[in-house]
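So this one's work35.csv, CSV, C-alpha atoms:
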```csv
chain,number,residue,atom,x,y,z
A,68,ASP,CA,209.1,-186.5,2.9
A,69,GLY,CA,206.9,-187.4,-0.1
A,70,LEU,CA,205.0,-190.6,-0.4
A,71,PRO,CA,202.7,-191.8,-3.2
A,72,PHE,CA,199.5,-189.8,-2.6
A,73,GLY,CA,200.8,-188.2,0.6
A,74,SER,CA,203.6,-187.3,2.9
A,75,ARG,CA,205.0,-188.5,6.3
A,76,HIS,CA,205.8,-185.1,7.7
A,77,LEU,CA,206.3,-181.4,6.8
A,78,SER,CA,209.4,-179.4,7.6
A,79,LEU,CA,209.1,-176.0,9.4
A,80,VAL,CA,211.3,-173.4,7.9
A,81,VAL,CA,211.7,-169.6,8.1
A,82,LEU,CA,212.1,-167.9,4.8
A,83,PRO,CA,212.9,-164.2,4.1
A,84,LEU,CA,209.7,-164.0,2.0
A,85,MET,CA,206.6,-161.8,2.1
A,86,ASN,CA,204.0,-161.3,-0.5
A,87,ARG,CA,206.1,-163.3,-3.0
A,88,LYS,CA,209.0,-160.9,-2.5
A,89,LEU,CA,212.4,-161.5,-0.8
A,90,ILE,CA,213.1,-159.5,2.3
A,91,SER,CA,216.6,-158.0,3.0
A,92,ALA,CA,218.0,-157.4,6.4
A,93,ASN,CA,217.0,-153.7,6.1
A,94,ASP,CA,213.5,-154.6,5.0
A,95,ALA,CA,213.2,-156.9,8.0
A,96,ILE,CA,214.2,-154.1,10.4
A,97,ARG,CA,211.6,-151.8,8.9
A,98,LYS,CA,209.0,-154.5,9.4
A,99,GLY,CA,210.0,-155.0,13.0
A,100,LYS,CA,211.5,-158.5,12.3
A,101,THR,CA,214.7,-158.0,14.3
A,102,GLY,CA,215.5,-161.7,14.7
A,103,LEU,CA,215.2,-162.3,11.0
A,104,ALA,CA,217.4,-159.2,10.3
A,105,ASP,CA,220.1,-160.5,12.6
A,106,TRP,CA,220.0,-164.0,11.0
A,107,LEU,CA,220.2,-162.5,7.5
A,108,ARG,CA,223.2,-160.4,8.4
A,109,LYS,CA,225.1,-163.3,10.0
A,110,ALA,CA,224.2,-165.5,7.0
A,111,ASP,CA,225.4,-162.9,4.6
A,112,VAL,CA,228.8,-162.7,6.4
A,113,ILE,CA,229.2,-166.4,6.1
A,114,TRP,CA,228.0,-166.4,2.5
A,115,ARG,CA,230.5,-163.7,1.4
A,116,LYS,CA,233.3,-165.6,3.1
A,117,HIS,CA,232.7,-168.9,1.3
A,118,ARG,CA,230.9,-168.0,-1.9
A,119,LYS,CA,232.5,-169.0,-5.2
A,120,SER,CA,230.9,-166.2,-7.3
A,121,GLN,CA,229.7,-162.7,-6.9
A,122,GLU,CA,226.1,-163.8,-6.5
A,123,GLU,CA,224.3,-162.3,-3.5
A,124,LEU,CA,222.8,-164.5,-0.8
A,125,LEU,CA,219.2,-163.7,-1.5
A,126,ASP,CA,219.7,-164.3,-5.2
A,127,TYR,CA,221.2,-167.7,-4.4
A,128,LEU,CA,218.2,-168.5,-2.2
A,129,ASN,CA,215.9,-167.6,-5.0
A,130,TRP,CA,217.9,-169.2,-7.8
A,131,GLN,CA,215.7,-169.4,-10.9
A,132,GLY,CA,212.8,-167.9,-8.9
A,133,LYS,CA,212.4,-171.1,-6.9
A,134,LEU,CA,210.9,-169.1,-4.0
A,135,THR,CA,209.1,-166.1,-5.5
A,136,ALA,CA,207.6,-168.1,-8.3
A,137,GLN,CA,205.5,-170.1,-5.9
A,138,SER,CA,202.2,-169.3,-4.3
A,139,PRO,CA,202.4,-170.2,-0.6
A,140,THR,CA,198.6,-170.3,-0.3
A,141,GLY,CA,195.5,-170.3,-2.5
A,142,VAL,CA,196.4,-173.3,-4.7
A,143,TYR,CA,196.5,-177.1,-5.0
A,144,LYS,CA,200.2,-178.0,-5.4
A,145,LEU,CA,201.1,-181.1,-7.3
A,146,LEU,CA,204.6,-182.5,-6.3
A,147,TYR,CA,206.9,-185.2,-7.6
A,148,ASN,CA,210.4,-186.1,-6.8
A,149,THR,CA,213.4,-184.9,-8.9
A,150,SER,CA,215.3,-188.2,-8.3
A,151,GLY,CA,214.8,-191.6,-6.8
A,152,THR,CA,214.4,-195.2,-7.6
A,153,HIS,CA,210.7,-194.7,-8.5
A,154,LEU,CA,208.5,-191.8,-9.5
A,155,CYS,CA,206.4,-190.6,-6.6
A,156,SER,CA,203.7,-187.9,-6.5
A,157,CYS,CA,201.2,-186.2,-4.2
A,158,VAL,CA,198.9,-183.2,-4.0
A,159,VAL,CA,199.1,-180.7,-1.2
A,160,ASP,CA,195.9,-178.6,-0.6
A,161,ALA,CA,197.4,-175.2,0.3
A,162,ARG,CA,194.3,-173.2,-0.4
A,163,ASP,CA,194.0,-172.2,3.3
A,164,VAL,CA,196.8,-172.8,5.8
A,165,SER,CA,195.3,-170.8,8.6
A,166,ARG,CA,194.7,-173.9,10.7
A,167,TRP,CA,197.9,-175.7,9.7
A,168,LYS,CA,200.4,-176.4,12.5
A,169,VAL,CA,203.9,-178.0,12.2
A,170,TYR,CA,205.5,-179.0,15.5
A,171,ASP,CA,202.5,-177.1,17.1
A,172,LEU,CA,203.5,-173.9,15.4
A,173,PRO,CA,201.3,-172.0,12.9
A,174,VAL,CA,202.5,-171.5,9.4
A,175,GLN,CA,201.9,-168.9,6.7
A,176,GLY,CA,202.2,-171.0,3.6
A,177,PHE,CA,203.6,-174.1,1.9
A,178,ILE,CA,206.7,-173.9,-0.3
A,179,ALA,CA,208.1,-176.9,-2.3
A,180,ASP,CA,211.8,-177.5,-1.8
A,181,THR,CA,214.5,-178.1,-4.4
A,182,THR,CA,214.0,-181.9,-4.3
A,183,SER,CA,210.6,-181.6,-5.8
A,184,TYR,CA,209.1,-180.5,-9.0
A,185,TRP,CA,205.8,-178.7,-8.6
A,186,LEU,CA,202.8,-177.4,-10.4
A,187,GLU,CA,200.1,-175.1,-9.0
A,188,THR,CA,196.5,-175.1,-10.0
A,189,LYS,CA,193.2,-173.9,-8.5
A,190,ASP,CA,191.5,-177.0,-10.0
A,191,GLU,CA,191.5,-179.9,-7.5
A,192,ASP,CA,190.6,-182.4,-10.2
A,193,GLU,CA,193.4,-181.4,-12.5
A,194,ALA,CA,195.9,-181.8,-9.7
A,195,HIS,CA,194.6,-185.2,-8.7
A,196,TYR,CA,194.4,-186.4,-12.3
A,197,LEU,CA,198.1,-185.6,-12.9
A,198,CYS,CA,199.0,-187.1,-9.5
A,199,ALA,CA,197.3,-190.4,-10.5
A,200,VAL,CA,199.2,-190.4,-13.9
A,201,LEU,CA,202.6,-189.8,-12.3
A,202,ASN,CA,202.0,-192.6,-9.7
A,203,ALA,CA,201.0,-195.1,-12.3
A,204,PRO,CA,203.5,-198.0,-12.4
A,205,CYS,CA,203.4,-198.1,-16.3
A,206,VAL,CA,204.6,-194.4,-16.3
A,207,ASP,CA,207.4,-195.2,-13.9
A,208,GLU,CA,208.5,-198.2,-16.0
A,209,PHE,CA,208.3,-196.3,-19.3
A,210,ILE,CA,210.6,-193.4,-18.3
A,211,LYS,CA,213.3,-195.7,-16.9
A,212,PRO,CA,215.4,-195.9,-20.2
A,213,PHE,CA,215.3,-192.1,-20.5
A,214,GLN,CA,216.7,-191.5,-16.9
A,215,THR,CA,220.3,-190.9,-16.2
A,216,LYS,CA,221.6,-192.5,-13.0
A,217,GLY,CA,223.4,-191.1,-10.0
A,218,ALA,CA,226.7,-192.4,-8.7
A,219,PHE,CA,225.1,-195.2,-6.7
A,220,GLY,CA,222.8,-196.3,-9.5
A,221,ALA,CA,225.6,-196.3,-12.0
A,222,GLN,CA,227.7,-198.6,-9.8
A,223,LYS,CA,225.0,-200.9,-8.7
A,224,GLY,CA,222.8,-201.0,-11.8
A,225,LYS,CA,219.8,-199.6,-9.8
A,226,GLY,CA,219.2,-197.1,-7.1
A,227,GLU,CA,218.8,-193.3,-7.5
A,228,ARG,CA,217.8,-192.1,-10.9
A,229,HIS,CA,217.3,-188.5,-12.1
A,230,ILE,CA,213.7,-188.0,-13.0
A,231,HIS,CA,213.5,-184.2,-13.7
A,232,ARG,CA,210.9,-183.5,-16.5
A,233,ARG,CA,211.1,-186.9,-18.1
A,234,PRO,CA,207.4,-187.9,-17.6
A,235,PHE,CA,206.3,-184.8,-19.5
A,236,GLU,CA,209.1,-184.9,-22.1
A,237,VAL,CA,208.8,-188.5,-23.2
A,238,LEU,CA,205.1,-189.2,-22.7
A,239,PRO,CA,202.0,-187.6,-24.4
A,240,ILE,CA,200.2,-186.8,-21.1
A,241,PRO,CA,197.0,-185.0,-22.1
A,242,LEU,CA,195.9,-181.8,-20.5
A,243,PHE,CA,193.2,-182.4,-18.0
A,244,ASP,CA,189.7,-182.5,-19.6
A,245,PRO,CA,186.8,-182.4,-17.1
A,246,LYS,CA,184.6,-183.9,-19.8
A,247,ASP,CA,186.8,-187.1,-20.1
A,248,LYS,CA,185.4,-189.8,-17.9
A,249,ARG,CA,188.8,-191.4,-17.6
A,250,HIS,CA,190.4,-188.2,-16.4
A,251,GLN,CA,187.6,-187.8,-13.8
A,252,ARG,CA,188.0,-191.4,-12.6
A,253,LEU,CA,191.7,-190.9,-12.2
A,254,ALA,CA,191.1,-187.8,-10.1
A,255,GLU,CA,188.7,-189.7,-8.0
A,256,LEU,CA,191.1,-192.6,-7.4
A,257,SER,CA,193.8,-190.1,-6.4
A,258,LYS,CA,191.6,-188.5,-3.9
A,259,GLU,CA,190.7,-192.0,-2.5
A,260,CYS,CA,194.4,-192.8,-2.2
A,261,HIS,CA,195.2,-189.5,-0.5
A,262,THR,CA,192.5,-190.3,2.1
A,263,LYS,CA,193.9,-193.8,2.8
A,264,VAL,CA,197.5,-192.5,3.0
A,265,ALA,CA,196.5,-189.7,5.4
A,266,GLN,CA,194.8,-192.3,7.7
A,267,PHE,CA,197.8,-194.6,7.4
A,268,VAL,CA,200.3,-191.8,8.5
A,269,ALA,CA,198.0,-190.6,11.3
A,270,ASN,CA,197.8,-194.2,12.8
A,271,ALA,CA,201.3,-195.4,12.1
A,272,ASP,CA,203.8,-195.6,14.9
A,273,GLU,CA,207.2,-193.8,15.0
A,274,LYS,CA,209.2,-196.9,13.9
A,275,THR,CA,207.0,-197.2,10.8
A,276,LEU,CA,207.3,-193.5,9.8
A,277,THR,CA,211.0,-193.3,10.5
A,278,GLN,CA,212.1,-196.3,8.4
A,279,PRO,CA,214.0,-195.5,5.2
A,280,ILE,CA,211.8,-193.5,2.8
A,281,GLY,CA,212.1,-196.1,-0.1
A,282,ARG,CA,210.9,-198.9,2.2
A,283,LEU,CA,208.0,-196.7,3.4
A,284,ARG,CA,207.0,-195.8,-0.1
A,285,GLN,CA,206.9,-199.4,-1.1
A,286,GLN,CA,204.7,-200.2,2.0
A,287,VAL,CA,202.3,-197.5,0.9
A,288,ARG,CA,202.2,-198.9,-2.7
A,289,GLU,CA,201.4,-202.3,-1.4
A,290,MET,CA,198.6,-200.9,0.7
A,291,LEU,CA,197.2,-199.1,-2.4
A,292,ALA,CA,197.6,-202.1,-4.7
A,293,LYS,CA,194.0,-202.3,-5.6
A,294,GLU,CA,193.7,-198.6,-6.4
A,295,LEU,CA,197.1,-198.5,-8.3
A,296,SER,CA,196.0,-201.4,-10.4
A,297,GLN,CA,192.9,-199.5,-11.5
A,298,ILE,CA,195.0,-196.3,-12.1
A,299,ASN,CA,197.5,-198.3,-14.1
A,300,CYS,CA,194.9,-199.7,-16.4
A,301,LEU,CA,193.4,-196.3,-17.1
A,302,VAL,CA,196.7,-194.5,-17.6
A,303,ALA,CA,198.0,-197.3,-19.9
A,304,GLU,CA,194.9,-197.0,-22.0
A,305,LEU,CA,195.1,-193.2,-22.0
A,306,LEU,CA,198.8,-193.1,-23.0
A,307,GLY,CA,198.9,-196.1,-25.2
A,308,LEU,CA,201.3,-198.0,-22.9
A,309,PRO,CA,201.5,-201.7,-22.0
A,310,PRO,CA,199.7,-202.1,-18.6
```
Take the structure in this file and express it as structure tokens.
Amino acid sequence: DGLPFGSRHLSLVVLPLMNRKLISANDAIRKGKTGLADWLRKADVIWRKHRKSQEELLDYLNWQGKLTAQSPTGVYKLLYNTSGTHLCSCVVDARDVSRWKVYDLPVQGFIADTTSYWLETKDEDEAHYLCAVLNAPCVDEFIKPFQTKGAFGAQKGKGERHIHRRPFEVLPIPLFDPKDKRHQRLAELSKECHTKVAQFVANADEKTLTQPIGRLRQQVREMLAKELSQINCLVAELLGLPP
């Protein structure tokens, strides 16, 4: 689950994906992946029984290219939540996953799920610059009037809000300029925050990490209060927002 400048854990999944192409049951057999082929055949039977359109299972899994459009390795991946009470962003360094392990098992790449918007870049500073901007409290505050609310939020006057592309639709976020000292400073602050969050997660007990995600995110923000204050001032100046 995503935190400001980090995550508390990664999920391990098996996807019918190889070299950014989907693999059918027949493809899996030819590649000697009999377990995957068996799963795909069983899943296809269930899908055909319950589907509400003529869409095939693999097409549904890859709706709008959500799988094949992503690079599992070789990039920095900027992520932020599609909905939630507050905007929350982090950077995943997926350049080389050869030493990654999830539940003590090796992985072949990192794929963002449907609850996250993502941007891929080979420029570390660009990813961290945007991450700092998206985590700035002034940005979160500015987009609130433009967000539609989910059922809970509509009833209670707060809670889950749809974020989607609002930050980039309603704010003039500049493209990363390596010559701009403010951009570079924001990238540096994001990297510092990622280091602190990674240390926090590594040293936290199970009770802390399994608390409701909203509460955990708030705890992280409080821990990063000094850095977020600096980020907020820079972003407010950059975007012409009240700090």
Take the point (213.4, -182.3, -2.9) in the file's coordinates, draw a sphere of radius 9 Å around it, and report as a compact mmCIF listing (two decimals) with C-alpha atoms, in the coordinates of the input every protein, DNA or RNA residue with an atom inside or on it, counting only C-alpha atoms.
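The result, written out as point.txt:
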```txt
# COMPACT_ATOMS: atom_id res chain seq x y z
CA ASP A 68 209.10 -186.50 2.90
CA GLY A 69 206.90 -187.40 -0.10
CA TYR A 147 206.90 -185.20 -7.60
CA ASN A 148 210.40 -186.10 -6.80
CA THR A 149 213.40 -184.90 -8.90
CA SER A 150 215.30 -188.20 -8.30
CA ALA A 179 208.10 -176.90 -2.30
CA ASP A 180 211.80 -177.50 -1.80
CA THR A 181 214.50 -178.10 -4.40
CA THR A 182 214.00 -181.90 -4.30
CA SER A 183 210.60 -181.60 -5.80
CA TYR A 184 209.10 -180.50 -9.00
```
Computed gap from CA of Ser296 (chain A) to CA of Tyr196 (chain A) is 15.2 Å
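Nearest-residue note for Val287 (chain A): choosing from A:Val302, A:Val169, A:Leu146, A:Cys155, the minimum distance belongs to A:Cys155, counting all atoms listed in the file.
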Report the closest atom pair, with its distance in Å rounded to one decimal, for each residue of region 127-217 of chain A that has an atom no farther than 12 Å from region 262-278 of chain A; count only C-alpha atoms, sort by chain and then rising residue number, and write it as a tab-separated table.
```
residue	atom	partner	partner_atom	distance
A:Cys157	CA	A:Val264	CA	10.3
A:Val158	CA	A:Thr262	CA	11.3
A:Val159	CA	A:Ala265	CA	11.5
```
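For the set A:Pro71, A:Lys293, A:Arg162, A:Leu84, the residue with the smallest atom-to-atom gap to Ala136 (chain A) is A:Leu84, counting all atoms listed in the file.
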Need the neighbours of (202.0, -176.7, -9.8): which residues are at most 6 Å away, counting only C-alpha atoms, as a VMD selection string?
chain A and resid 144 to 145 185 to 188
